[in-house]
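For reference, model.txt (compact mmCIF, C-alpha atoms and all ligand atoms):
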```txt
# COMPACT_ATOMS: atom_id res chain seq x y z
CA MET A 18 19.36 -9.94 16.23
CA ALA A 19 21.93 -7.92 14.34
CA ASN A 20 24.59 -9.78 16.21
CA ARG A 21 23.16 -13.17 15.22
CA ARG A 22 22.98 -12.18 11.54
CA GLN A 23 26.57 -11.12 11.73
CA ILE A 24 27.56 -14.46 13.16
CA GLN A 25 25.78 -16.36 10.39
CA ALA A 26 26.91 -14.20 7.46
CA ALA A 27 29.36 -15.78 5.06
CA SER A 28 32.66 -14.04 4.54
CA LYS A 29 34.98 -14.27 1.54
CA GLU A 30 38.35 -15.69 2.45
CA SER A 31 41.35 -16.92 0.54
CA ILE A 32 44.19 -19.28 1.29
CA CYS A 33 47.22 -20.66 -0.51
CA LEU A 34 46.88 -24.43 -1.03
CA ALA A 35 49.51 -26.41 -2.94
CA GLY A 36 50.76 -23.19 -4.50
CA ARG A 37 47.27 -22.15 -5.64
CA ASN A 38 45.24 -19.25 -4.36
CA VAL A 39 41.93 -20.75 -3.32
CA GLU A 40 39.00 -18.50 -2.53
CA TYR A 41 36.35 -19.82 -0.22
CA ARG A 42 33.23 -18.77 1.60
CA LEU A 43 33.26 -19.12 5.34
CA THR A 44 29.97 -19.50 7.17
CA HIS A 45 29.63 -19.63 10.93
CA SER A 46 26.71 -21.90 11.58
CA GLN A 47 24.56 -22.07 14.71
CA THR A 48 23.47 -25.60 13.88
CA ALA A 49 26.59 -27.28 12.48
CA LYS A 50 28.24 -29.67 14.90
CA LYS A 51 31.36 -30.27 12.82
CA LEU A 52 33.48 -28.30 10.42
CA ARG A 53 32.49 -29.13 6.82
CA VAL A 54 33.94 -28.27 3.42
CA LYS A 55 31.84 -28.39 0.26
CA VAL A 56 33.43 -28.05 -3.17
CA ALA A 57 30.97 -27.17 -5.93
CA PHE A 58 31.22 -25.42 -9.30
CA ASP A 59 33.02 -22.10 -8.79
CA ASP A 60 32.66 -22.37 -5.06
CA VAL A 61 34.48 -23.73 -2.03
CA HIS A 62 32.34 -23.40 1.06
CA VAL A 63 33.50 -23.95 4.62
CA ILE A 64 30.88 -24.28 7.32
CA LEU A 65 32.18 -23.72 10.79
CA PRO A 66 30.33 -24.30 14.07
CA VAL A 67 30.02 -20.96 15.93
CA THR A 68 32.12 -22.40 18.73
CA ARG A 69 35.16 -22.69 16.43
CA HIS A 70 37.50 -19.93 15.29
CA ALA A 71 38.07 -18.94 11.66
CA GLU A 72 41.70 -20.04 12.07
CA ASN A 73 40.38 -23.61 12.57
CA ALA A 74 38.97 -23.46 9.04
CA ARG A 75 42.37 -22.44 7.62
CA GLU A 76 44.07 -25.21 9.53
CA PHE A 77 41.54 -27.74 8.33
CA LEU A 78 41.95 -26.65 4.69
CA ARG A 79 45.72 -26.87 4.97
CA GLN A 80 45.54 -30.35 6.47
CA ASN A 81 43.22 -31.48 3.67
CA GLU A 82 44.75 -29.49 0.81
CA ALA A 83 45.30 -32.56 -1.41
CA TRP A 84 41.62 -33.47 -1.12
CA VAL A 85 40.39 -29.90 -1.73
CA ILE A 86 42.59 -29.47 -4.82
CA ALA A 87 41.53 -32.87 -6.16
CA GLN A 88 37.86 -31.92 -5.75
CA MET A 89 38.41 -28.60 -7.51
CA ASP A 90 40.20 -30.33 -10.39
CA ARG A 91 37.41 -32.86 -10.66
CA MET A 92 34.85 -30.06 -10.88
CA ASP A 93 36.90 -28.32 -13.57
CA ARG A 94 37.11 -31.49 -15.62
CA TYR A 95 33.41 -32.13 -15.20
CA ARG A 96 32.60 -28.58 -16.24
CA ALA A 97 34.80 -28.85 -19.34
CA VAL A 98 32.91 -31.93 -20.48
CA ARG A 99 29.38 -31.16 -19.38
CA ARG A 100 28.88 -27.47 -18.92
CA PRO A 101 25.20 -26.71 -19.25
CA GLU A 102 25.02 -23.78 -21.60
CA LYS A 103 21.31 -23.43 -21.41
CA VAL A 104 18.69 -25.33 -19.58
CA ALA A 105 15.87 -25.68 -21.98
CA GLY A 106 12.33 -26.21 -20.90
CA LEU A 107 10.10 -29.19 -21.14
CA ILE A 108 8.78 -30.78 -24.28
CA LEU A 109 6.26 -33.48 -24.75
CA PHE A 110 7.96 -36.68 -25.96
CA ARG A 111 5.94 -39.87 -26.49
CA GLY A 112 3.27 -38.29 -24.33
CA GLU A 113 5.57 -37.57 -21.38
CA SER A 114 6.68 -34.14 -20.24
CA THR A 115 10.44 -34.39 -20.86
CA LYS A 116 13.30 -32.10 -19.83
CA VAL A 117 15.70 -30.90 -22.53
CA VAL A 118 19.20 -29.73 -21.53
CA VAL A 119 21.91 -28.34 -23.81
CA PHE A 120 25.55 -29.03 -22.94
CA ARG A 121 28.46 -27.17 -24.48
CA SER A 122 31.64 -29.25 -24.43
CA GLU A 123 35.22 -28.04 -24.93
CA THR A 124 36.38 -31.54 -25.77
CA TRP A 125 33.60 -32.84 -28.05
CA LYS A 126 34.64 -32.38 -31.69
CA GLY A 127 31.87 -34.28 -33.49
CA PRO A 128 28.49 -33.05 -34.67
CA ASN A 129 25.85 -32.18 -32.07
CA ARG A 130 24.67 -35.30 -30.34
CA VAL A 131 21.16 -35.78 -28.97
CA GLN A 132 20.52 -38.49 -26.44
CA LEU A 133 17.62 -39.69 -24.36
CA GLY A 134 18.58 -40.58 -20.80
CA SER A 135 16.85 -41.13 -17.51
CA GLU A 136 16.92 -37.36 -16.85
CA GLY A 137 15.48 -36.36 -20.18
CA ILE A 138 16.87 -35.35 -23.56
CA SER A 139 20.37 -33.89 -23.71
CA VAL A 140 21.89 -32.01 -26.65
CA LEU A 141 25.69 -32.12 -26.57
CA CYS A 142 27.33 -29.40 -28.69
CA GLY A 143 31.03 -29.12 -29.41
CA SER A 144 32.50 -25.66 -28.74
CA SER A 145 33.08 -25.21 -32.48
CA SER A 146 29.64 -26.46 -33.53
CA ARG A 147 27.66 -24.04 -35.64
CA THR A 148 24.50 -26.08 -35.70
CA ASP A 149 21.69 -24.67 -33.61
CA PRO A 150 20.77 -27.17 -30.86
CA VAL A 151 17.12 -26.59 -31.78
CA VAL A 152 17.86 -27.91 -35.28
CA SER A 153 19.67 -30.93 -33.83
CA LEU A 154 16.77 -31.63 -31.50
CA GLU A 155 14.23 -31.41 -34.32
CA ASN A 156 16.30 -33.72 -36.55
CA TRP A 157 16.55 -36.21 -33.73
CA LEU A 158 12.80 -36.08 -33.08
CA ARG A 159 12.16 -36.60 -36.79
CA LYS A 160 14.45 -39.64 -36.74
CA GLN A 161 12.64 -41.09 -33.72
CA ALA A 162 9.32 -40.45 -35.47
CA LYS A 163 10.47 -42.09 -38.69
CA HIS A 164 11.75 -45.15 -36.87
CA SER A 165 8.55 -45.64 -34.83
CA ILE A 166 6.29 -44.97 -37.83
CA GLN A 167 8.15 -47.45 -40.03
CA GLN A 168 7.78 -50.11 -37.36
CA LEU A 169 4.07 -49.44 -36.95
CA VAL A 170 3.49 -49.42 -40.73
CA ALA A 171 5.24 -52.80 -41.00
CA GLU A 172 3.00 -54.11 -38.24
CA MET A 173 -0.23 -52.75 -39.82
CA THR A 174 0.18 -53.44 -43.54
CA PRO A 175 -0.37 -57.24 -43.34
CA LYS A 176 -3.76 -56.49 -41.76
CA VAL A 177 -4.96 -54.65 -44.88
CA ASN A 178 -2.90 -56.68 -47.31
CA ARG A 179 -1.40 -53.59 -48.93
CA CYS A 180 2.07 -52.07 -49.02
CA PRO A 181 2.85 -48.37 -49.21
CA ASN A 182 4.92 -47.11 -52.11
CA ALA A 183 6.93 -44.85 -49.81
CA ILE A 184 6.81 -43.47 -46.27
CA TYR A 185 7.59 -39.83 -45.62
CA VAL A 186 7.97 -37.99 -42.34
CA MET A 187 7.29 -34.29 -42.81
CA GLY A 188 6.58 -31.11 -40.95
CA GLN A 189 3.12 -30.30 -42.29
CA ARG A 190 1.54 -27.44 -40.41
CA THR A 191 -2.01 -28.63 -40.83
CA LYS A 192 -2.00 -32.38 -41.33
CA TRP A 193 -1.13 -35.33 -39.12
CA GLY A 194 -0.95 -37.78 -41.96
CA ASN A 195 -1.85 -38.41 -45.57
CA CYS A 196 -2.23 -41.27 -48.01
CA SER A 197 -1.77 -40.25 -51.64
CA ALA A 198 -3.39 -41.84 -54.68
CA LEU A 199 0.03 -43.32 -55.49
CA GLY A 200 0.12 -45.12 -52.16
CA ASN A 201 2.61 -42.79 -50.52
CA LEU A 202 2.11 -42.36 -46.79
CA SER A 203 3.22 -39.20 -45.06
CA PHE A 204 3.16 -38.39 -41.39
CA ASN A 205 3.83 -35.33 -39.29
CA TRP A 206 6.99 -35.85 -37.20
CA ARG A 207 5.29 -34.07 -34.31
CA LEU A 208 3.27 -37.21 -33.68
CA ILE A 209 6.35 -38.50 -31.80
CA LEU A 210 5.47 -35.95 -29.11
CA ALA A 211 2.11 -37.67 -28.60
CA PRO A 212 1.47 -40.84 -26.60
CA GLU A 213 2.07 -44.12 -28.43
CA PHE A 214 -1.62 -44.94 -28.86
CA VAL A 215 -2.12 -41.69 -30.77
CA LEU A 216 0.72 -42.48 -33.19
CA ARG A 217 -0.62 -46.00 -33.54
CA TYR A 218 -4.06 -44.64 -34.45
CA LEU A 219 -2.68 -42.22 -37.07
CA VAL A 220 -0.59 -44.94 -38.69
CA THR A 221 -3.59 -47.27 -38.72
CA HIS A 222 -5.72 -44.53 -40.29
CA GLU A 223 -3.34 -43.92 -43.19
CA VAL A 224 -2.52 -47.60 -43.72
CA VAL A 225 -6.25 -48.45 -43.96
CA HIS A 226 -6.53 -45.71 -46.62
CA LEU A 227 -4.26 -47.88 -48.79
CA ALA A 228 -7.21 -50.25 -49.05
CA ILE A 229 -10.15 -47.88 -48.50
CA PRO A 230 -9.48 -44.33 -49.74
CA ASP A 231 -12.67 -42.72 -48.37
CA HIS A 232 -13.98 -42.13 -44.85
CA SER A 233 -16.90 -44.52 -45.23
CA GLN A 234 -18.37 -46.58 -42.43
CA ARG A 235 -16.37 -49.56 -43.70
CA PHE A 236 -13.20 -47.46 -43.35
CA TRP A 237 -13.93 -46.51 -39.72
CA LEU A 238 -14.93 -50.04 -38.77
CA THR A 239 -11.66 -51.35 -40.19
CA VAL A 240 -9.59 -48.69 -38.39
CA GLN A 241 -11.37 -49.47 -35.13
CA SER A 242 -10.88 -53.21 -35.49
CA ILE A 243 -7.13 -52.73 -35.94
CA CYS A 244 -6.80 -49.92 -33.39
CA PRO A 245 -9.38 -50.20 -30.56
CA GLU A 246 -8.16 -46.91 -29.05
CA THR A 247 -9.26 -44.91 -32.11
CA GLU A 248 -11.88 -42.78 -30.35
CA GLN A 249 -9.61 -42.03 -27.41
CA ALA A 250 -6.77 -41.08 -29.79
CA ARG A 251 -8.97 -38.74 -31.83
CA ARG A 252 -10.14 -37.02 -28.66
CA TRP A 253 -6.55 -36.69 -27.41
CA LEU A 254 -5.47 -35.15 -30.72
CA SER A 255 -8.18 -32.53 -30.83
CA ALA A 256 -7.56 -31.58 -27.19
CA ASN A 257 -3.75 -31.39 -27.50
CA THR A 258 -3.04 -29.91 -30.92
CA ASP A 259 -1.40 -26.83 -29.36
CA ARG A 260 1.02 -28.98 -27.37
CA LEU A 261 2.11 -30.87 -30.48
CA MET A 262 2.47 -27.69 -32.54
CA VAL A 263 4.73 -25.97 -29.99
CA GLU A 264 7.70 -24.08 -31.47
CA LEU A 265 10.79 -25.98 -30.31
CA LYS A 266 12.65 -22.68 -30.25
CA SER A 267 10.32 -21.37 -27.56
CA VAL A 268 11.32 -24.08 -25.09
CA PHE A 269 14.97 -23.05 -25.27
CA ILE A 270 15.64 -20.20 -22.89
CA GLU A 271 18.79 -18.51 -21.76
CA ASN A 272 18.44 -17.82 -18.09
CA GLY A 273 18.82 -21.32 -16.72
CA ASN A 274 15.30 -21.69 -15.40
CA LEU A 275 13.00 -24.45 -16.42
CA GLN A 276 9.93 -23.44 -18.27
CA GLY A 277 7.59 -24.78 -20.86
CA LYS A 278 4.01 -25.66 -21.35
CA ALA A 279 4.40 -29.41 -21.81
ZN ZN B 1 -8.37 -40.11 -43.64
```
Represent the structure contained in this file as C-alpha cells.
Ligand SMILES: [Zn+2]
Amino acid sequence: MANRRQIQAASKESICLAGRNVEYRLTHSQTAKKLRVKVAFDDVHVILPVTRHAENAREFLRQNEAWVIAQMDRMDRYRAVRRPEKVAGLILFRGESTKVVVFRSETWKGPNRVQLGSEGISVLCGSSSRTDPVVSLENWLRKQAKHSIQQLVAEMTPKVNRCPNAIYVMGQRTKWGNCSALGNLSFNWRLILAPEFVLRYLVTHEVVHLAIPDHSQRFWLTVQSICPETEQARRWLSANTDRLMVELKSVFIENGNLQGKA
C-alpha cells in the first residue's frame, strides 16, 4: 500500500525550456495510458503512465517546449485581464439566483464595469480603481431597476389615463413603492431582485394610485384588472422580504468559495 501511494504521489520537478525555468508537477498514474501535460494557472502538470520513466516526461517537455511556453504565456495574459479577485456569492436578480464574480484587471483603466453574462454578473475593476465593487454592483442594479420601472410605468399609465410627475428609484428600508400627493412615484430598487411579475404588480399598484389614492375596493379591482398576478405577487413579497433586503456586502466574501442565501 505504501509502495502504491509512493508511485502515485506527485513530485515537484523543474526543467529549462526556451531559456526559462519551468516548474512542474509530475504524477505517475496507474490509469493513464499516455503521457499528458496540462497547463493551468500557476501550474504545469505532467501525468505519466507508471510504465514510463520520469526522463520520458523531460524528453516530452523538451520536444514540446514551444507549445508549453505558449500555453503558459496564454495563461499569464488571461490572468492579467481576468484575474478573479474575489468570488462573490449569489444574489437574487429578476427572481433568479445569480452568481456575482469580481475581476481585477491590470489593463482596464476605466471605471468599474458591471455586466450580465450567461455565467452571471461580473464586476470588472481596474487595478487603480478605488470604487468598492459592492457600490458598483448596487449602482448597476439601481440602473436596471430604473430602466425596467420606467418601461412598466409607460406601459401602465395609459390604462389609468394619468401621468406621473416624476419617477424615483430609491433605497427605502421599509417601503416597496409610494405615490405622493404631487403624483411622484417612487420605487425601491431592490424590486429588481424579485421576479418580473412582482415588479409589474408594484408598478401597477403605484400607477393606479395616481387615479385612486386610497386602498378602496375600486382600487384593488383596478389593480387586479391590470395585473392579474396581484395576489401571487403580494404573497411572494411577504414570503421573500428577507431575500430582497439582503446586504449586498454580505454576499462578497474573500476566500473564493461560493456562498449566499439567494
Ligand atoms: Zn398603496
Can I get the residues close to ligand ZN 1 (chain B) as a PyMOL selection string, where close means within 8 Å and we count only C-alpha atoms and all ligand atoms? chain A and resi 194-196+222-223+226+230-232
Computed gap from CA of Ala71 in chain A to CA of Lys51 in chain A is 13.2 Å
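In this structure, CA of Tyr185 in chain A sits 28.6 Å away from CA of Val118 in chain A.
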Name the residues in contact with Lys55 in chain A at a cut-off of 9 Å, using only C-alpha atoms, excluding same-chain residues fewer than 3 positions from it; report them as JSON, numbers by chain. {"A": [60, 61, 62, 63, 64, 85]}
From the options A:Ala250, A:Ala228, A:Ala211, A:Leu158, which residue's atoms come nearest to Gly112 in chain A, counting all atoms listed in the file? A:Ala211
Which is closest to Gly143 in chain A among A:Arg159, A:Lys116, A:Arg79, A:Lys126, if we use all atoms listed in the file? A:Lys126
Find the residues of range 29-124 of chain A that sit at most 6 Å from range 135-142 of chain A; for each, write down the nearest two atoms and how far apart they are in Å, to one decimal. Count only C-alpha atoms. Sort by chain, then by number going up, and give it as a Markdown table.
```
| residue | atom | partner | partner_atom | distance |
| --- | --- | --- | --- | --- |
| A:Thr115 | CA | A:Gly137 | CA | 5.5 |
| A:Lys116 | CA | A:Gly137 | CA | 4.8 |
| A:Val117 | CA | A:Ile138 | CA | 4.7 |
| A:Val118 | CA | A:Ser139 | CA | 4.8 |
| A:Val119 | CA | A:Val140 | CA | 4.6 |
| A:Phe120 | CA | A:Leu141 | CA | 4.8 |
| A:Arg121 | CA | A:Cys142 | CA | 4.9 |
```
Missing atoms in range 48-70 of chain A: can you complete it with N, CA and C atoms, as an mmCIF file, in the frame of the given file?
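Contents of the output file out-v6.cif:
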```cif
data_model
loop_
_atom_site.group_PDB
_atom_site.id
_atom_site.type_symbol
_atom_site.label_atom_id
_atom_site.label_comp_id
_atom_site.auth_asym_id
_atom_site.auth_seq_id
_atom_site.Cartn_x
_atom_site.Cartn_y
_atom_site.Cartn_z
ATOM 1 N N THR A 48 23.956 -24.228 13.773
ATOM 2 C CA THR A 48 23.470 -25.600 13.880
ATOM 3 C C THR A 48 24.536 -26.653 13.595
ATOM 4 N N ALA A 49 25.577 -26.270 12.845
ATOM 5 C CA ALA A 49 26.590 -27.280 12.480
ATOM 6 C C ALA A 49 27.323 -27.779 13.718
ATOM 7 N N LYS A 50 27.519 -29.093 13.756
ATOM 8 C CA LYS A 50 28.240 -29.670 14.900
ATOM 9 C C LYS A 50 29.717 -29.833 14.560
ATOM 10 N N LYS A 51 29.970 -30.041 13.250
ATOM 11 C CA LYS A 51 31.360 -30.270 12.820
ATOM 12 C C LYS A 51 31.716 -29.300 11.705
ATOM 13 N N LEU A 52 32.998 -29.122 11.516
ATOM 14 C CA LEU A 52 33.480 -28.300 10.420
ATOM 15 C C LEU A 52 33.290 -29.094 9.116
ATOM 16 N N ARG A 53 32.718 -28.433 8.100
ATOM 17 C CA ARG A 53 32.490 -29.130 6.820
ATOM 18 C C ARG A 53 33.019 -28.281 5.670
ATOM 19 N N VAL A 54 33.503 -28.962 4.639
ATOM 20 C CA VAL A 54 33.940 -28.270 3.420
ATOM 21 C C VAL A 54 33.157 -28.842 2.256
ATOM 22 N N LYS A 55 32.558 -27.941 1.451
ATOM 23 C CA LYS A 55 31.840 -28.390 0.260
ATOM 24 C C LYS A 55 32.487 -27.748 -0.966
ATOM 25 N N VAL A 56 32.850 -28.586 -1.929
ATOM 26 C CA VAL A 56 33.430 -28.050 -3.170
ATOM 27 C C VAL A 56 32.396 -28.235 -4.276
ATOM 28 N N ALA A 57 31.942 -27.119 -4.833
ATOM 29 C CA ALA A 57 30.970 -27.170 -5.930
ATOM 30 C C ALA A 57 31.544 -26.373 -7.099
ATOM 31 N N PHE A 58 30.770 -26.243 -8.183
ATOM 32 C CA PHE A 58 31.220 -25.420 -9.300
ATOM 33 C C PHE A 58 31.508 -24.011 -8.810
ATOM 34 N N ASP A 59 32.669 -23.498 -9.098
ATOM 35 C CA ASP A 59 33.020 -22.100 -8.790
ATOM 36 C C ASP A 59 32.881 -21.754 -7.315
ATOM 37 N N ASP A 60 32.920 -22.716 -6.448
ATOM 38 C CA ASP A 60 32.660 -22.370 -5.060
ATOM 39 C C ASP A 60 33.252 -23.409 -4.108
ATOM 40 N N VAL A 61 34.061 -22.895 -3.153
ATOM 41 C CA VAL A 61 34.480 -23.730 -2.030
ATOM 42 C C VAL A 61 33.837 -23.101 -0.797
ATOM 43 N N HIS A 62 33.121 -23.908 -0.049
ATOM 44 C CA HIS A 62 32.340 -23.400 1.060
ATOM 45 C C HIS A 62 32.729 -24.130 2.338
ATOM 46 N N VAL A 63 33.142 -23.351 3.333
ATOM 47 C CA VAL A 63 33.500 -23.950 4.620
ATOM 48 C C VAL A 63 32.457 -23.555 5.640
ATOM 49 N N ILE A 64 31.895 -24.549 6.294
ATOM 50 C CA ILE A 64 30.880 -24.280 7.320
ATOM 51 C C ILE A 64 31.486 -24.626 8.677
ATOM 52 N N LEU A 65 31.460 -23.616 9.522
ATOM 53 C CA LEU A 65 32.180 -23.720 10.790
ATOM 54 C C LEU A 65 31.178 -23.580 11.950
ATOM 55 N N PRO A 66 31.198 -24.505 12.901
ATOM 56 C CA PRO A 66 30.330 -24.300 14.070
ATOM 57 C C PRO A 66 30.718 -22.995 14.771
ATOM 58 N N VAL A 67 29.742 -22.284 15.332
ATOM 59 C CA VAL A 67 30.020 -20.960 15.930
ATOM 60 C C VAL A 67 31.054 -21.037 17.049
ATOM 61 N N THR A 68 31.178 -22.240 17.616
ATOM 62 C CA THR A 68 32.120 -22.400 18.730
ATOM 63 C C THR A 68 33.583 -22.433 18.257
ATOM 64 N N ARG A 69 33.792 -22.577 16.929
ATOM 65 C CA ARG A 69 35.160 -22.690 16.430
ATOM 66 C C ARG A 69 35.622 -21.359 15.841
ATOM 67 N N HIS A 70 36.905 -21.178 15.776
ATOM 68 C CA HIS A 70 37.500 -19.930 15.290
ATOM 69 C C HIS A 70 37.823 -20.057 13.800
#
```
